[in-house]
Every structure is written in structure tokens, then in C-alpha cells.
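Undergrad: Sharing a structure, written as C-alpha cells. Questions coming.
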Amino acid sequence: MNNKTLLLEVKNLKKHFVSGHGKHKKVLKAVDGIDFHIYRGETFGLVGESGCGKTTIGRTVIRLYHPTDGEILFDGVDLAPLSNEDLKPFRRRIQMIFQDPYASLNTRMTVSDIISEGIATHYSYSPEERQEKVVALLDKVGLKQEHASRYPHEFSGGQRQRIGIARALAVEPELIICDEPISALDVSIQAQVINMLEDLQNEMGLTYLFIAHDLSMVRHISDRIGVMYLGKMMEVAESETLYEKPLHPYTQSLLSSIPIPDPTFNMKNKRIILKGDVASPINPKPGCRFASRCRFAKDQCREIDPVLEEIEPEHFVACHFVKEINRI
Amino acid sequence: MDKLLEVKNLHTTFFTHIGEVQAVRGISFDLELGDILGIVGESGSGKSVTSLSIMGLVDEPGKIVEGSILFDNKDLSKLTQKELSEYRGNDIAMIFQDPMTSLNPVFSIADQITTVLMRHTELTKQQARERAIELLKMVEIPEPEVRIDAYPHQFSGGMRQRAMIAMAISCNPKLLIADEPTTALDVTIQAQILELMRHLKDQINTTIMLITHDLGVVAEVCNKVIVMYGGLIMEKASVEELFKNPQHPYTIGLLQSVPRHEKGQRKRLQPIKGSPPDLLNPPKGCPFAPRCPHAMEVCIQEPSPLFNVSSTQSASCWLHHPHAPQTPGYIQVKEDAHE
């Protein structure tokens, strides 16, 4: 386990969105001081409910957003302060697969144009060589050569997602950010795409940042998982550890909420149903973000922000009372 | 048990400019009083159109072209919109997937609930308001006396869905149709809403039809299930039977597509190959045949009738025909089911 090398290290990353001026100024703290790291060749899952900032992290790491504060170390280089010009080589090395296969492909471009656009930007191949690459990529994602000249509307959702994957692979990236890549697909098609992502990872040594809210799929695909709540990282652990032995009270209730496809399994005694709704990320209150819904919250939680600490090897938790709650 | 709803040979077709889309192609099922029936299927399987047909909400260019929908022994498919409106919101109510678009943004929650109450009951405006507050209390909205005058945009997603449920149960419906009621919600909120629905079912003694694509939700909430594919019913069963002993290759495929976790082992998923049929040109035979690992000649030629596997389970698959070749180890042979 010592031969793991870091590919991405995110330190104290913040992304705030400001709206209004003067008295009406509002600060939406979408991501508010996040630390995590991803090893080369692994899949790091990022889970959390809507509005927790997981998509913002993906978009900030790939520098579609300019971070408010913090460092994004990719292969040792901090991407946060780089200009667009300096970012160009890194744009090739980090690619993204989007959630909505209908909105993320240009309807007026053929499949071949979509896939070869990145190749043309980053490499100096002749048109024939580019075409060869396109055909090879289509084959890799399970599409046929004749699909190259067609337009996105001629494909089903699952096929479009394959086109999106081929586009990401075209420039031979090292890190792929998968932002909810299967949530728009039907169950029987989801499994096809997940298996393909796993095969491609083994074959090409890819690293994935896998953002999703489908907790059972994340468990399936990820090596390690980070759990977010309102712009903060609550817990990071290896996937099996996290699901078998979650330590943070939020993770515990989140995981207990997953419906189990087995009618003989009685969840009633184990389920921890949270009261209330997720608070607003606009001008958040001090203290732990989860305090308002936490069963164990005390005064300290409402005043002081807990720090993400390594409680057990490779198991990080941000909770003042993690030891008391779990009797460690 | 008393039958509350009997759907017989229902066909619903949409006559679009590119051709006839046969969304529901002849389905029959019953609902007994007190059932929670899950209808599972992927997008385009016809599950939502089935529920809209029952509610009489199939709009132009869609039409129920054949079949009957008996509710309390009255055929809903033959009623005029005016007659139907006596049932809708009263005896049959519906909860929709997206509480943001299904509540009217320019009316307060109070207006929207009291409208339903005053339409179907004799209550005065003041009484209706009191009843509405009571309903909001039942669905666990905090401070209902204050929140009742809020507008939908002032509620969170989970709260809006609670308000929708309050509206749906306002006239104590005999049948509550919930079309993907938790799909737009986060898991922790989904758990809250499912818990609430279970709780309310006992309280107001209603029958529920739950449309979903999430097998986990079905396993937790329902007692019976119908699996739909390509506008047809593939399998009907009790929840226990469906998960323990699925009898249709499509059901088996669906169950294998979702990750299952045994400690420390990561099993490869087994997806169903191919993609769902195009209902503009529906296949002549079984809609699943092109993707089925066990398809035979007959499957492509003719859709299979429903074969009874037990008194509560049936599957429309030719493999259950007495003359079908036995496929060892795949479909658990019928003898087991009869025990």
C-alpha cells in the first residue's frame, strides 16, 4: 500500500458565490474549506445531498470556476492561480463527463466532430489520423464506426453518455471527473456504463473523481469516499470502512436512509430519520454545518467548526464528539 | 378481498405527428382494498401513462383506445371529464414527482388545499382552513398555522412534497396514486416521506399505487408489484416473491443490474444488454426478446400471455409454457413455487 502516489491534493478549497451589493450582499458558501486527496489509479467518490457543493468541487478542480481560496495540487502543480493559457496542458490531463447526456453534447456537431475537437486542440494530427483515432475511440466505448457521422439526437441516453466518455478519453487524460454520469440513465443502462468505466480504468490506468448521490452505486465503484454536507467534508474513508462503520452522525443517517432492495430486510430499527431540511448555504451560521439536524449536537457544535481529523488510519471525520458517539 | 380497482386490457396510444406511440399496449391488473401496489419500470415502460389513464388525465394527442378501468364497479374510461372530476381529488388522488411544478406558484398553500376541500365537501371557508391546518399537521409541517399562508417557493422540496400529500389526502381518498413521489428528493428526505406515507396509510386507511423505478423503495413500502416493460406487464407478484424468486428474465436482469454488497467483495454488475424498444414501432413479440438471453423463436413472433406461477405470481414469458425447453438454474422451475 506504500506505492500509492498522489495525483490530486485539494487543500482548504473554497468557492463562494456573491450576489447583491451593500446591505443586500449575500455570500453563498458552496464549498467552504475542503481538504481531500486522490491517489493515482483509484476512484474517489464524492457523495452528499443536493446543494452540498459536490458539483462545485468538480467544476473548481477542473477550473471551470475560479476558486475563492485554497490550493488544487495536480501532480504537484497548484492549478488555482494559473491563467487560462498556463492551464491548457492541464485541461488535457483532466477531463470531465457530465450528468445530462442530452445537454452536454452540441446538437449541431456530428459525433466525429464532438470527439475530435479536443484532439485537434491538443495534438497536431492530420485529419486522417484524427479520424482513425475517432474510430478507435468509438470502438472502445462500444459504438460502431458508422455512428461517427451521425448527430446526437439519433442516439439514446446511454449511447450519448458513451459519446461523452469517448470525448473525454480522446485527449488521453489522467484524471476524469465524473459528475453524476449515470443519474439520468435507466437502471439497466446504468450498469452498462459503470462496467465500461471500470474496464476503461483498468485498461488505461485512469483516476476518477466520481460525484454522485446514488449511494449504492458510489459504494460499488469507489475505492475511497468523501461525504459532504453544506460545503464541508464530514467524513473521508475507504469505501468498505465507510459503509460498514460510518463514524459521523450525518454519514450514519445518510447511509441508513438508502432503501434496500430486499423485502425481508427490516430497516425500521436501524434507520435514523433526520428531522428538518438541509439549511441554506447562504450566510451560514458558525459551528458545525450539521448541528441543526444532529441528534448529538451540543453548544460546542453550534459555536466551533469541527476540523477533519484522522480518527483511524485513512479514516477522517469532522465531529467534536466522534469518539463519544462511537465509543472509541 | 374486495376489489377497489380493476384495469382490463388497457391500451393508451398517443397519436403524434410522427406516428402512433403505443405507450400502454393491453395491461390488466387488480387492486384490492388496503394494497400498496408498486409499478416498476424504466422510462418509456408505460407506468406513468397507466396512472394518468386511471386518473383520466391523458391529454391530446393521447387517448385510451381500448379496455376498461373499473373503480368501485364504475368504468372510469367511459366517463366524461365532468363526471370524472367528481372522483378526482375526492375518491382518487394523485401525488406527482416534481412538487415544484405540480403546485401552483401564485396561490398560497392555504388556497390550494381549501380549493380541493370546498370543491368536494360541504365545509365553509373557515372550516376548510381549519381542516387544512389539521392536514398540514398530519404531514408534519412545523407551525402549520403560520406556514399555511406560505407560497410554494417558500417551502423546501421535502416540505412541498408534504404539502402535496396533504392536498392529496384532504378528502380521504380511497385510492392514492403516487407517481415517483420521492425521485426528486434527497435520500434523507426520501426516507422521511416514505415513513410518512406508511404512517398515513394506516391512519386514513387508503389503498396506494406507487409508481417508481427504484426497486429499493418497492421492497420497503409495497406488498405487491407489477413490472412493466415496453407498455406491457412482464411480471406480477407479491413483493417477497418478486425479490426472492423472480420469474421473468427482465425482472432478473433488473435485479442483477443494481449493486449488491457482500462484505469486502466487489462484484461486477451484470447489465442487461441493448436498449429498450421504440414504441413507435413496437416489436411484434415480447418487447424484451431482443435483449433477452433466453429468447426463442416464438418470443420474437408473439407476445407471451401471463402464466401463473403461484396464486399470487405470474410472468409473461414463454419459458413458462409447458412445452418450453427447461433452462436449468435460470428460472427456478415451477415446482418450487407450488410448494
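By order in the C-alpha cells, chains are A, B, ...; within a chain, residues start at 1; ligands start at 1, following the order shown.
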Write out as a compact mmCIF listing (two decimals) with N, CA and C atoms, in the first residue's frame which residues come within 9 Å of Gly157 (chain B) when counting only C-alpha atoms, dropping same-chain ones fewer than 5 positions away.
TA:
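For reference, selection-v8.txt as written:
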```txt
# COMPACT_ATOMS: atom_id res chain seq x y z
N ASP A 277 -34.88 20.02 7.30
CA ASP A 277 -34.28 20.08 5.99
C ASP A 277 -32.85 20.59 6.07
N ASP B 98 -42.71 15.89 -9.24
CA ASP B 98 -42.00 17.14 -9.01
C ASP B 98 -42.90 18.13 -8.29
N PRO B 99 -42.70 18.30 -6.98
CA PRO B 99 -43.62 19.16 -6.23
C PRO B 99 -43.46 20.62 -6.60
N MET B 100 -42.37 20.94 -7.31
CA MET B 100 -42.17 22.34 -7.71
C MET B 100 -43.12 22.71 -8.83
N ARG B 162 -44.66 17.30 1.11
CA ARG B 162 -45.58 17.11 2.23
C ARG B 162 -46.89 17.86 1.97
N ALA B 184 -37.43 13.11 -6.90
CA ALA B 184 -36.76 14.42 -6.97
C ALA B 184 -36.15 14.80 -5.62
N LEU B 185 -36.26 13.93 -4.63
CA LEU B 185 -35.82 14.29 -3.29
C LEU B 185 -34.50 13.61 -2.93
N ASP B 186 -33.80 14.18 -1.98
CA ASP B 186 -32.58 13.56 -1.47
C ASP B 186 -32.93 12.36 -0.60
N ILE B 189 -34.43 12.90 2.84
CA ILE B 189 -35.80 13.41 2.74
C ILE B 189 -36.72 12.31 2.22
```
Undergrad: List the spatial neighbours of Pro261 (chain A) as a list of chain:residue names - criterion: any atom at most 6 Å away, only C-alpha atoms, same-chain residues fewer than 2 positions off excluded.
TA: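 Final neighbour list, sorted by chain and number: B:Leu215, B:Gly216, B:Ala219.
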Undergrad: Select from chain B every residue with an atom at most 8 Å from any atom of chain A, then for each give the shortest pair of atoms and their distance in Å to one decimal, using only C-alpha atoms, rows by chain and rising number, as a tab-separated table.
TA:
```
residue	atom	partner	partner_atom	distance
B:Glu42	CA	A:Asp186	CA	5.8
B:Ser43	CA	A:Asp186	CA	6.8
B:Ser156	CA	A:Asp277	CA	7.4
B:Gly158	CA	A:Asp277	CA	7.5
B:Asp186	CA	A:Glu49	CA	5.7
B:Val187	CA	A:Ser257	CA	5.9
B:Thr188	CA	A:Ser257	CA	5.5
B:Ile189	CA	A:Asp277	CA	7.6
B:Gln190	CA	A:Ser257	CA	7.7
B:Ala191	CA	A:Ser257	CA	5.5
B:Gln192	CA	A:Ile273	CA	6.3
B:His213	CA	A:Val187	CA	7.8
B:Leu215	CA	A:Pro261	CA	5.5
B:Gly216	CA	A:Pro261	CA	3.8
B:Val217	CA	A:Pro259	CA	5.6
B:Val218	CA	A:Pro261	CA	7.4
B:Ala219	CA	A:Pro263	CA	4.6
B:Glu220	CA	A:Pro263	CA	5.9
B:Val239	CA	A:Pro263	CA	6.7
B:Glu240	CA	A:Pro263	CA	6.0
B:Phe243	CA	A:Asp262	CA	6.4
B:Gly253	CA	A:Ser188	CA	7.5
B:Leu254	CA	A:Ser188	CA	6.1
B:Ser257	CA	A:Ala191	CA	5.5
B:Val258	CA	A:Ala191	CA	7.2
B:Pro259	CA	A:His220	CA	6.4
B:Arg260	CA	A:Ser216	CA	8.0
B:His261	CA	A:His220	CA	7.8
B:Lys263	CA	A:Glu240	CA	7.7
B:Gly264	CA	A:Glu240	CA	6.6
B:Arg266	CA	A:His220	CA	6.6
B:Arg268	CA	A:Asn195	CA	7.3
B:Leu269	CA	A:Ala191	CA	6.0
B:Gln270	CA	A:Ala191	CA	6.8
B:Pro271	CA	A:Ala191	CA	4.9
B:Ile272	CA	A:Ser188	CA	5.5
B:Lys273	CA	A:Gln192	CA	7.6
B:Ser275	CA	A:Ile189	CA	7.4
```
Undergrad: Write out as a ChimeraX atom specification each polymer residue whose atoms come within 9 Å of Gly226 (chain A), counting only C-alpha atoms; drop sequence neighbours fewer than 2 positions from it.
TA: /A:36,44-48,224,228,233-239
Undergrad: Could you tell me, as a VMD selection string, which residues of region 134-314 of chain A DSSP assigns to alpha helix (DSSP H) when given the backbone?
TA: chain A and resid 134 to 140 157 to 169 187 to 204 215 to 221 239 to 244 249 to 256 299 to 303
Undergrad: Export C-alpha atoms of the chosen residues as a CSV table (one decimal), in the first residue's frame?
TA:
```csv
chain,number,residue,atom,x,y,z
A,134,VAL,CA,-12.2,8.7,-33.5
A,135,VAL,CA,-13.0,5.2,-34.9
A,136,ALA,CA,-10.7,3.6,-32.3
A,137,LEU,CA,-12.4,5.6,-29.5
A,138,LEU,CA,-15.9,4.7,-30.7
A,139,ASP,CA,-14.9,1.0,-30.7
A,140,LYS,CA,-13.6,1.4,-27.1
A,157,GLY,CA,-29.4,8.4,-23.4
A,158,GLY,CA,-27.0,5.5,-22.7
A,159,GLN,CA,-25.4,5.9,-26.2
A,160,ARG,CA,-24.9,9.6,-25.7
A,161,GLN,CA,-23.2,9.0,-22.4
A,162,ARG,CA,-20.8,6.7,-24.3
A,163,ILE,CA,-20.1,9.6,-26.8
A,164,GLY,CA,-19.4,11.9,-23.8
A,165,ILE,CA,-17.0,9.3,-22.4
A,166,ALA,CA,-15.3,8.9,-25.8
A,167,ARG,CA,-14.9,12.7,-25.9
A,168,ALA,CA,-13.2,12.7,-22.5
A,169,LEU,CA,-10.9,9.8,-23.4
A,187,VAL,CA,-31.3,1.2,-14.2
A,188,SER,CA,-30.4,-1.4,-16.8
A,189,ILE,CA,-28.3,1.1,-18.7
A,190,GLN,CA,-26.5,2.4,-15.6
A,191,ALA,CA,-24.9,-0.9,-15.1
A,192,GLN,CA,-23.6,-0.9,-18.7
A,193,VAL,CA,-21.9,2.5,-18.2
A,194,ILE,CA,-20.5,1.6,-14.8
A,195,ASN,CA,-18.9,-1.6,-16.1
A,196,MET,CA,-17.5,0.3,-19.0
A,197,LEU,CA,-15.9,2.9,-16.7
A,198,GLU,CA,-14.4,0.2,-14.7
A,199,ASP,CA,-12.9,-1.6,-17.7
A,200,LEU,CA,-11.5,1.7,-19.1
A,201,GLN,CA,-9.9,2.4,-15.7
A,202,ASN,CA,-8.2,-1.0,-15.6
A,203,GLU,CA,-7.1,-0.7,-19.2
A,204,MET,CA,-5.8,2.8,-19.3
A,215,LEU,CA,-25.1,5.8,-2.6
A,216,SER,CA,-25.1,2.2,-3.6
A,217,MET,CA,-23.5,2.8,-7.0
A,218,VAL,CA,-20.8,5.0,-5.3
A,219,ARG,CA,-20.0,2.2,-2.9
A,220,HIS,CA,-19.8,-0.2,-5.8
A,221,ILE,CA,-17.3,1.9,-7.9
A,239,SER,CA,-15.4,2.6,0.8
A,240,GLU,CA,-16.0,-0.6,2.8
A,241,THR,CA,-15.0,1.1,6.0
A,242,LEU,CA,-17.3,4.0,5.4
A,243,TYR,CA,-20.3,1.8,4.7
A,244,GLU,CA,-19.6,-0.8,7.3
A,249,PRO,CA,-23.6,11.1,12.7
A,250,TYR,CA,-24.5,12.6,9.3
A,251,THR,CA,-23.0,9.7,7.4
A,252,GLN,CA,-24.8,7.3,9.7
A,253,SER,CA,-28.2,8.7,9.0
A,254,LEU,CA,-27.4,9.2,5.3
A,255,LEU,CA,-26.4,5.6,4.8
A,256,SER,CA,-29.3,4.3,6.9
A,299,ASP,CA,-23.4,24.0,22.4
A,300,GLN,CA,-19.9,23.5,21.3
A,301,CYS,CA,-21.1,22.2,17.9
A,302,ARG,CA,-23.1,25.4,17.3
A,303,GLU,CA,-20.1,27.6,18.1
```
Undergrad: I'd like to know which residues of region 129-270 of chain A are strand (DSSP E) (by DSSP, run on the backbone); could you write them as number ranges by chain?
TA: A: 175-179, 207-211, 224-229, 232-238
Undergrad: Report as a list in words all protein, DNA and RNA residues lying within 12 Å of Asp72 (chain B), evaluated on only C-alpha atoms, omitting residues in the same chain fewer than 6 positions from it.
TA: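 So, after excluding close chain neighbours, the residues are Asp2, Lys3, Leu4, Leu5, Glu6, Val7, Asp30, Leu31, Glu32, Leu33, Tyr87, Asp91, Ile92, Lys174 and Leu175 of chain B.
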Undergrad: Show which residues sit within 7 Å of Tyr39 (chain A), as a PyMOL selection string. Count only C-alpha atoms, and ignore same-chain residues fewer than 6 positions away.
TA: chain A and resi 4-8
Undergrad: Would you export the selected residues with N, CA and C atoms as a short mmCIF file (atom, residue, chain, number, x, y, z; two decimals), in the first residue's frame, please?
TA:
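Printed below is result.cif as written:
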```cif
data_model
loop_
_atom_site.label_atom_id
_atom_site.label_comp_id
_atom_site.auth_asym_id
_atom_site.auth_seq_id
_atom_site.Cartn_x
_atom_site.Cartn_y
_atom_site.Cartn_z
N LYS A 4 1.36 3.93 -3.36
CA LYS A 4 0.36 4.88 -3.84
C LYS A 4 1.00 6.23 -4.03
N THR A 5 0.74 6.83 -5.20
CA THR A 5 1.23 8.19 -5.38
C THR A 5 0.04 9.13 -5.51
N LEU A 6 0.27 10.34 -5.00
CA LEU A 6 -0.82 11.32 -5.05
C LEU A 6 -0.96 11.87 -6.45
N LEU A 7 -2.18 11.98 -6.94
CA LEU A 7 -2.39 12.65 -8.22
C LEU A 7 -3.01 14.02 -7.97
N LEU A 8 -3.97 14.05 -7.06
CA LEU A 8 -4.64 15.32 -6.79
C LEU A 8 -4.69 15.55 -5.29
#
```
Undergrad: I'd like the contact shell of Trp318 (chain B) - 7 Å cut-off, only C-alpha atoms, skipping same-chain residues fewer than 4 positions apart - returned as a PyMOL selection string.
TA: chain B and resi 299+304+324
